[in-house]
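Peer 1: Once you've had a glance at the structure underneath, I'll fire off some questions.
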Amino acid sequence: MQKSVILLTTCLALLGGVSASAATKNPTPANKYRYAAKKASYYNKSISAYYRSIWTAARKSWNNSKAFKWSTTKNKKSRTFTTSVAKNSGIWTNATGMAYNGMSYDKTGHQTGAAMYLNRTVLKKYKYNKKQRTNVAIHEMGHALGLSHNQSGSISVMNPANRVHPLRNVDIRGAKKVYTTPLSTKKVLASSAKPTLTVDHLKDYSNGIYGVEAIRKDAGTIVEGKITKSVAHHKAPKNYYTTQTLKIDEHFKGLSGKSITFTQGGTTKMAVTDSEVLHQGEEVVVMLAKNAAGNYYVINDGQGMFVDTHTSNGHELFEHVSDHTIYTEDMLH
């Protein structure tokens, strides 16, 4: 199984709107993911009746367009699902929503699983009304079915910073094009089935970097290896930053050597209740910097830690400990 995130942004909360003169005339572009046919079922994981109704409204919007048909399933193990979270740290900082393409594929390279998220914390913080939250849900469903971002400033639900636009004709034509364009060979499809990262924020970062790309760029050292020793600085039951010793298997950036010791935060005095501690024996990729004393620590308040989960289609997959996003090894160096 493979997962990917789609890095999407939403600055209309700050800008208040988009000029109609900026509307694009071309169909909304496609991403590299698509289902075998222009239909898919999903499981609605949202516990909140309010957010369940938002996903339902988004589904009906796509279904009314005749470009793609979403249906619901009662199968809790469905690899395509919708849900909501309440987060505002790490990659979720100011993120209104998120879509994971490529949760799974069939043998021909067709997507068989995708995840769609709304972030309650940010949507509430910036006072999105229900219609605007539905627009974000339509946007995430658009990514899941195979659409990329439209132009910055476009009149499109797939505008990278959309808040006010519902599904538009350019999006409908884009979705129809996705499912009427002949596919490449099975071999090409299978080889292209690799995760990519996309997330939706209050601010449009489409001309820059954010999330794991920014962490990767800022890190002075990136290594992969196995945790051989963990020294806790605080007592259970809370999870706190620890000092870790890593036996290095791969050097991706900076340091060369057989092992390294680092803290999961900038100081051993840090005590963060929602931090997840690495454990002895885990295979990890860590992104590190040095403090004033010359000691290594995980950069960005401990965000640069990724735990090996499993291998899929020849790709080693790592889980970001702060938000559980899945990355391939080559995305981390």
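FYI, nothing fancy with the structure tokens labels: chains A, B, ... in order, residues from 1 per chain, ligands from 1 as they appear.
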Please provide the set of residues having any atom within 7 Å of A:Ser259, restricted to only C-alpha atoms, with same-chain residues fewer than 6 positions apart removed, written as a ChimeraX atom specification.
Peer 2: /A:246-248
Peer 1: Need to verify the contact set: stretch 67-70 of chain A, 8 Å, only C-alpha atoms, exclusion of same-chain residues closer than 3 positions in sequence. Can you return it as a list in words?
Peer 2: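 The filter keeps Lys38, Lys39, Ala40, Ser41, Tyr42, Arg59, Lys60, Trp62, Asn63, Leu145, Ile172, Arg173, Ala175 and Lys176 of chain A.
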Peer 1: With N, CA and C atoms retained, could you export that selection as a PDB file, in the first residue's frame?
Peer 2:
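Final file, result.pdb:
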```pdb
ATOM      1  N   LYS A  38     -14.890   6.411 -13.864  1.00  0.00           N
ATOM      2  CA  LYS A  38     -15.239   7.702 -13.266  1.00  0.00           C
ATOM      3  C   LYS A  38     -16.235   7.532 -12.118  1.00  0.00           C
ATOM      4  N   LYS A  39     -15.904   6.642 -11.210  1.00  0.00           N
ATOM      5  CA  LYS A  39     -16.720   6.428 -10.027  1.00  0.00           C
ATOM      6  C   LYS A  39     -15.878   5.768  -8.946  1.00  0.00           C
ATOM      7  N   ALA A  40     -16.249   6.020  -7.708  1.00  0.00           N
ATOM      8  CA  ALA A  40     -15.552   5.401  -6.572  1.00  0.00           C
ATOM      9  C   ALA A  40     -16.448   5.504  -5.346  1.00  0.00           C
ATOM     10  N   SER A  41     -16.290   4.576  -4.428  1.00  0.00           N
ATOM     11  CA  SER A  41     -17.036   4.626  -3.176  1.00  0.00           C
ATOM     12  C   SER A  41     -16.077   4.974  -2.046  1.00  0.00           C
ATOM     13  N   TYR A  42     -16.605   5.601  -1.013  1.00  0.00           N
ATOM     14  CA  TYR A  42     -15.779   5.982   0.123  1.00  0.00           C
ATOM     15  C   TYR A  42     -16.547   5.733   1.417  1.00  0.00           C
ATOM     16  N   ARG A  59     -20.170  15.455  -2.034  1.00  0.00           N
ATOM     17  CA  ARG A  59     -20.428  14.301  -2.906  1.00  0.00           C
ATOM     18  C   ARG A  59     -21.542  14.615  -3.902  1.00  0.00           C
ATOM     19  N   LYS A  60     -22.627  15.212  -3.427  1.00  0.00           N
ATOM     20  CA  LYS A  60     -23.747  15.532  -4.297  1.00  0.00           C
ATOM     21  C   LYS A  60     -23.353  16.542  -5.370  1.00  0.00           C
ATOM     22  N   TRP A  62     -20.386  16.850  -6.820  1.00  0.00           N
ATOM     23  CA  TRP A  62     -19.684  16.128  -7.882  1.00  0.00           C
ATOM     24  C   TRP A  62     -20.637  15.239  -8.676  1.00  0.00           C
ATOM     25  N   ASN A  63     -21.537  14.568  -7.990  1.00  0.00           N
ATOM     26  CA  ASN A  63     -22.464  13.676  -8.677  1.00  0.00           C
ATOM     27  C   ASN A  63     -23.396  14.431  -9.617  1.00  0.00           C
ATOM     28  N   LEU A 145     -10.081  12.327  -6.959  1.00  0.00           N
ATOM     29  CA  LEU A 145     -10.525  11.709  -8.205  1.00  0.00           C
ATOM     30  C   LEU A 145      -9.562  11.939  -9.356  1.00  0.00           C
ATOM     31  N   ILE A 172     -15.327  20.733 -13.918  1.00  0.00           N
ATOM     32  CA  ILE A 172     -16.103  19.638 -14.500  1.00  0.00           C
ATOM     33  C   ILE A 172     -15.448  19.163 -15.797  1.00  0.00           C
ATOM     34  N   ARG A 173     -15.050  20.127 -16.644  1.00  0.00           N
ATOM     35  CA  ARG A 173     -14.380  19.749 -17.886  1.00  0.00           C
ATOM     36  C   ARG A 173     -13.048  19.073 -17.620  1.00  0.00           C
ATOM     37  N   ALA A 175     -12.310  17.189 -14.957  1.00  0.00           N
ATOM     38  CA  ALA A 175     -12.582  15.822 -14.499  1.00  0.00           C
ATOM     39  C   ALA A 175     -12.996  14.926 -15.657  1.00  0.00           C
ATOM     40  N   LYS A 176     -13.826  15.454 -16.564  1.00  0.00           N
ATOM     41  CA  LYS A 176     -14.244  14.670 -17.729  1.00  0.00           C
ATOM     42  C   LYS A 176     -13.043  14.315 -18.608  1.00  0.00           C
TER      43      LYS A 176
END
```
Peer 1: Enter the distance from atom CA of A:Leu147 to atom CA of A:Lys74, in Å, rounded to one decimal.
Peer 2: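 Straight-line distance from atom CA of A:Leu147 to atom CA of A:Lys74 works out to 25.7 Å.
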Peer 1: Of the candidates A:Glu140, A:Asp308, A:Glu224, A:Asp171, which shows the shortest atom-to-atom distance to A:Gly257, using only C-alpha atoms?
Peer 2: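 Counting only C-alpha atoms, the residue closest to A:Gly257 is A:Glu224.
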Peer 1: Name all residues at most 12 Å from A:Ala36 (count only C-alpha atoms; drop same-chain ones fewer than 5 positions away) and give them as number ranges by chain.
Peer 2: A: 68, 105-113, 145-146, 178-183, 186, 189
Peer 1: Considering only C-alpha atoms, return as a list in words whatever protein or nucleic-acid residues lie within 8 Å of A:Asn88, sequence-local ones (same chain, fewer than 6 positions apart) excluded.
Peer 2: Asn94, Ala95, Thr121 and Val122 of chain A
Peer 1: List every residue of stretch 47-247 of chain A that DSSP, applied to the backbone of this structure, places in strand (DSSP E or B), and write the result as number ranges by chain.
Peer 2: A: 69-72, 81-85, 95-105, 111-119, 147, 198-201, 221-232, 239, 242-247
Peer 1: Env of stretch 215-217 of chain A: 8 Å cut, atoms = only C-alpha atoms, seq-sep filter 5 positions within chain, self excluded. Answer as a PyMOL selection string.
Peer 2: chain A and resi 210+222+287+299-300+303-304+332-333
Peer 1: Taking into account only C-alpha atoms, which residue in the set A:Thr328, A:Ser46, A:Thr263, A:Asn159 is nearest to A:Thr309?
Peer 2: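 Ranked by minimum distance to A:Thr309, first place goes to A:Thr328.
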Peer 1: Just to confirm, what's the straight-line distance from atom CA of A:Lys25 to atom CA of A:Met158 in Å (one decimal)?
Peer 2: 13.3 Å
Peer 1: Quick one: residues within 6 Å of A:Glu282, only C-alpha atoms counted, chain neighbours fewer than 3 positions away excluded, as a PDB file with all heavy atoms, in the first residue's frame?
Peer 2:
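The resulting file, selection30.pdb, is shown below:
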```
ATOM      1  N   LYS A 226      18.912   2.626  12.650  1.00  0.00           N
ATOM      2  CA  LYS A 226      18.111   1.954  13.677  1.00  0.00           C
ATOM      3  C   LYS A 226      18.422   2.546  15.054  1.00  0.00           C
ATOM      4  O   LYS A 226      19.592   2.750  15.412  1.00  0.00           O
ATOM      5  CB  LYS A 226      18.400   0.465  13.681  1.00  0.00           C
ATOM      6  CG  LYS A 226      17.574  -0.341  14.690  1.00  0.00           C
ATOM      7  CD  LYS A 226      17.848  -1.824  14.568  1.00  0.00           C
ATOM      8  CE  LYS A 226      17.292  -2.360  13.256  1.00  0.00           C
ATOM      9  NZ  LYS A 226      17.415  -3.846  13.179  1.00  0.00           N
ATOM     10  N   ILE A 227      17.368   2.826  15.818  1.00  0.00           N
ATOM     11  CA  ILE A 227      17.526   3.332  17.175  1.00  0.00           C
ATOM     12  C   ILE A 227      18.095   2.215  18.057  1.00  0.00           C
ATOM     13  O   ILE A 227      17.515   1.128  18.157  1.00  0.00           O
ATOM     14  CB  ILE A 227      16.192   3.810  17.759  1.00  0.00           C
ATOM     15  CG1 ILE A 227      15.611   4.967  16.937  1.00  0.00           C
ATOM     16  CG2 ILE A 227      16.359   4.222  19.223  1.00  0.00           C
ATOM     17  CD1 ILE A 227      16.435   6.224  16.953  1.00  0.00           C
ATOM     18  N   HIS A 279      11.418   4.556  19.573  1.00  0.00           N
ATOM     19  CA  HIS A 279      11.702   3.413  20.425  1.00  0.00           C
ATOM     20  C   HIS A 279      12.886   2.597  19.890  1.00  0.00           C
ATOM     21  O   HIS A 279      13.140   2.569  18.692  1.00  0.00           O
ATOM     22  CB  HIS A 279      10.469   2.517  20.545  1.00  0.00           C
ATOM     23  CG  HIS A 279       9.278   3.207  21.120  1.00  0.00           C
ATOM     24  ND1 HIS A 279       9.184   3.547  22.447  1.00  0.00           N
ATOM     25  CD2 HIS A 279       8.129   3.650  20.544  1.00  0.00           C
ATOM     26  CE1 HIS A 279       8.043   4.156  22.674  1.00  0.00           C
ATOM     27  NE2 HIS A 279       7.381   4.235  21.533  1.00  0.00           N
TER      28      HIS A 279
END
```
Peer 1: Would you please work out which residue, of A:Arg34, A:Arg79, A:Arg52, A:Lys130, is nearest to A:Gly142 when using only C-alpha atoms?
Peer 2: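 Using only C-alpha atoms, A:Gly142 sits closest to A:Arg34.
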Peer 1: Mind listing the helix (DSSP H, G or I) residues of stretch 27-108 of chain A, per DSSP on the backbone, as a PDB file with N, CA, C and O atoms, in the first residue's frame?
Peer 2:
```pdb
ATOM      1  N   ALA A  49     -21.884  14.851  13.008  1.00  0.00           N
ATOM      2  CA  ALA A  49     -22.982  14.903  12.039  1.00  0.00           C
ATOM      3  C   ALA A  49     -22.826  16.110  11.121  1.00  0.00           C
ATOM      4  O   ALA A  49     -23.167  16.055   9.930  1.00  0.00           O
ATOM      5  N   TYR A  50     -22.283  17.193  11.668  1.00  0.00           N
ATOM      6  CA  TYR A  50     -22.066  18.412  10.888  1.00  0.00           C
ATOM      7  C   TYR A  50     -21.097  18.155   9.734  1.00  0.00           C
ATOM      8  O   TYR A  50     -21.376  18.498   8.581  1.00  0.00           O
ATOM      9  N   TYR A  51     -19.961  17.516  10.049  1.00  0.00           N
ATOM     10  CA  TYR A  51     -18.979  17.264   8.996  1.00  0.00           C
ATOM     11  C   TYR A  51     -19.393  16.124   8.073  1.00  0.00           C
ATOM     12  O   TYR A  51     -19.038  16.098   6.896  1.00  0.00           O
ATOM     13  N   ARG A  52     -20.166  15.192   8.573  1.00  0.00           N
ATOM     14  CA  ARG A  52     -20.708  14.158   7.693  1.00  0.00           C
ATOM     15  C   ARG A  52     -21.609  14.809   6.634  1.00  0.00           C
ATOM     16  O   ARG A  52     -21.581  14.437   5.465  1.00  0.00           O
ATOM     17  N   SER A  53     -22.377  15.810   7.054  1.00  0.00           N
ATOM     18  CA  SER A  53     -23.263  16.486   6.106  1.00  0.00           C
ATOM     19  C   SER A  53     -22.479  17.308   5.092  1.00  0.00           C
ATOM     20  O   SER A  53     -22.901  17.455   3.936  1.00  0.00           O
ATOM     21  N   ILE A  54     -21.325  17.832   5.504  1.00  0.00           N
ATOM     22  CA  ILE A  54     -20.479  18.589   4.570  1.00  0.00           C
ATOM     23  C   ILE A  54     -19.937  17.665   3.486  1.00  0.00           C
ATOM     24  O   ILE A  54     -19.964  18.000   2.288  1.00  0.00           O
ATOM     25  N   TRP A  55     -19.452  16.504   3.883  1.00  0.00           N
ATOM     26  CA  TRP A  55     -18.958  15.546   2.883  1.00  0.00           C
ATOM     27  C   TRP A  55     -20.098  15.083   1.981  1.00  0.00           C
ATOM     28  O   TRP A  55     -19.904  14.872   0.772  1.00  0.00           O
ATOM     29  N   THR A  56     -21.286  14.927   2.533  1.00  0.00           N
ATOM     30  CA  THR A  56     -22.441  14.535   1.718  1.00  0.00           C
ATOM     31  C   THR A  56     -22.759  15.605   0.680  1.00  0.00           C
ATOM     32  O   THR A  56     -23.028  15.303  -0.486  1.00  0.00           O
ATOM     33  N   ALA A  57     -22.716  16.881   1.092  1.00  0.00           N
ATOM     34  CA  ALA A  57     -22.977  17.978   0.164  1.00  0.00           C
ATOM     35  C   ALA A  57     -21.922  18.026  -0.939  1.00  0.00           C
ATOM     36  O   ALA A  57     -22.239  18.278  -2.107  1.00  0.00           O
ATOM     37  N   ALA A  58     -20.661  17.769  -0.566  1.00  0.00           N
ATOM     38  CA  ALA A  58     -19.587  17.759  -1.560  1.00  0.00           C
ATOM     39  C   ALA A  58     -19.787  16.614  -2.556  1.00  0.00           C
ATOM     40  O   ALA A  58     -19.587  16.773  -3.766  1.00  0.00           O
ATOM     41  N   ARG A  59     -20.170  15.455  -2.034  1.00  0.00           N
ATOM     42  CA  ARG A  59     -20.428  14.301  -2.906  1.00  0.00           C
ATOM     43  C   ARG A  59     -21.542  14.615  -3.902  1.00  0.00           C
ATOM     44  O   ARG A  59     -21.410  14.328  -5.101  1.00  0.00           O
ATOM     45  N   LYS A  60     -22.627  15.212  -3.427  1.00  0.00           N
ATOM     46  CA  LYS A  60     -23.747  15.532  -4.297  1.00  0.00           C
ATOM     47  C   LYS A  60     -23.353  16.542  -5.370  1.00  0.00           C
ATOM     48  O   LYS A  60     -23.839  16.485  -6.510  1.00  0.00           O
ATOM     49  N   SER A  61     -22.463  17.467  -5.009  1.00  0.00           N
ATOM     50  CA  SER A  61     -22.008  18.455  -5.977  1.00  0.00           C
ATOM     51  C   SER A  61     -21.287  17.789  -7.144  1.00  0.00           C
ATOM     52  O   SER A  61     -21.549  18.089  -8.312  1.00  0.00           O
ATOM     53  N   TRP A  62     -20.386  16.850  -6.820  1.00  0.00           N
ATOM     54  CA  TRP A  62     -19.684  16.128  -7.882  1.00  0.00           C
ATOM     55  C   TRP A  62     -20.637  15.239  -8.676  1.00  0.00           C
ATOM     56  O   TRP A  62     -20.585  15.178  -9.906  1.00  0.00           O
ATOM     57  N   ASN A  63     -21.537  14.568  -7.990  1.00  0.00           N
ATOM     58  CA  ASN A  63     -22.464  13.676  -8.677  1.00  0.00           C
ATOM     59  C   ASN A  63     -23.396  14.431  -9.617  1.00  0.00           C
ATOM     60  O   ASN A  63     -23.718  13.961 -10.707  1.00  0.00           O
ATOM     61  N   ASN A  64     -23.833  15.617  -9.206  1.00  0.00           N
ATOM     62  CA  ASN A  64     -24.701  16.431 -10.069  1.00  0.00           C
ATOM     63  C   ASN A  64     -23.999  16.906 -11.330  1.00  0.00           C
ATOM     64  O   ASN A  64     -24.647  17.194 -12.333  1.00  0.00           O
ATOM     65  N   SER A  65     -22.678  16.957 -11.281  1.00  0.00           N
ATOM     66  CA  SER A  65     -21.909  17.411 -12.445  1.00  0.00           C
ATOM     67  C   SER A  65     -21.839  16.363 -13.551  1.00  0.00           C
ATOM     68  O   SER A  65     -21.517  16.684 -14.691  1.00  0.00           O
ATOM     69  N   GLY A  90       2.834  21.214  12.927  1.00  0.00           N
ATOM     70  CA  GLY A  90       3.523  20.447  11.897  1.00  0.00           C
ATOM     71  C   GLY A  90       2.975  20.774  10.525  1.00  0.00           C
ATOM     72  O   GLY A  90       2.701  21.928  10.196  1.00  0.00           O
ATOM     73  N   ILE A  91       2.776  19.763   9.720  1.00  0.00           N
ATOM     74  CA  ILE A  91       2.266  19.961   8.367  1.00  0.00           C
ATOM     75  C   ILE A  91       0.828  20.480   8.375  1.00  0.00           C
ATOM     76  O   ILE A  91       0.333  21.025   7.388  1.00  0.00           O
ATOM     77  N   TRP A  92       0.141  20.347   9.516  1.00  0.00           N
ATOM     78  CA  TRP A  92      -1.243  20.784   9.616  1.00  0.00           C
ATOM     79  C   TRP A  92      -1.362  22.260   9.972  1.00  0.00           C
ATOM     80  O   TRP A  92      -2.467  22.784  10.050  1.00  0.00           O
TER      81      TRP A  92
END
```
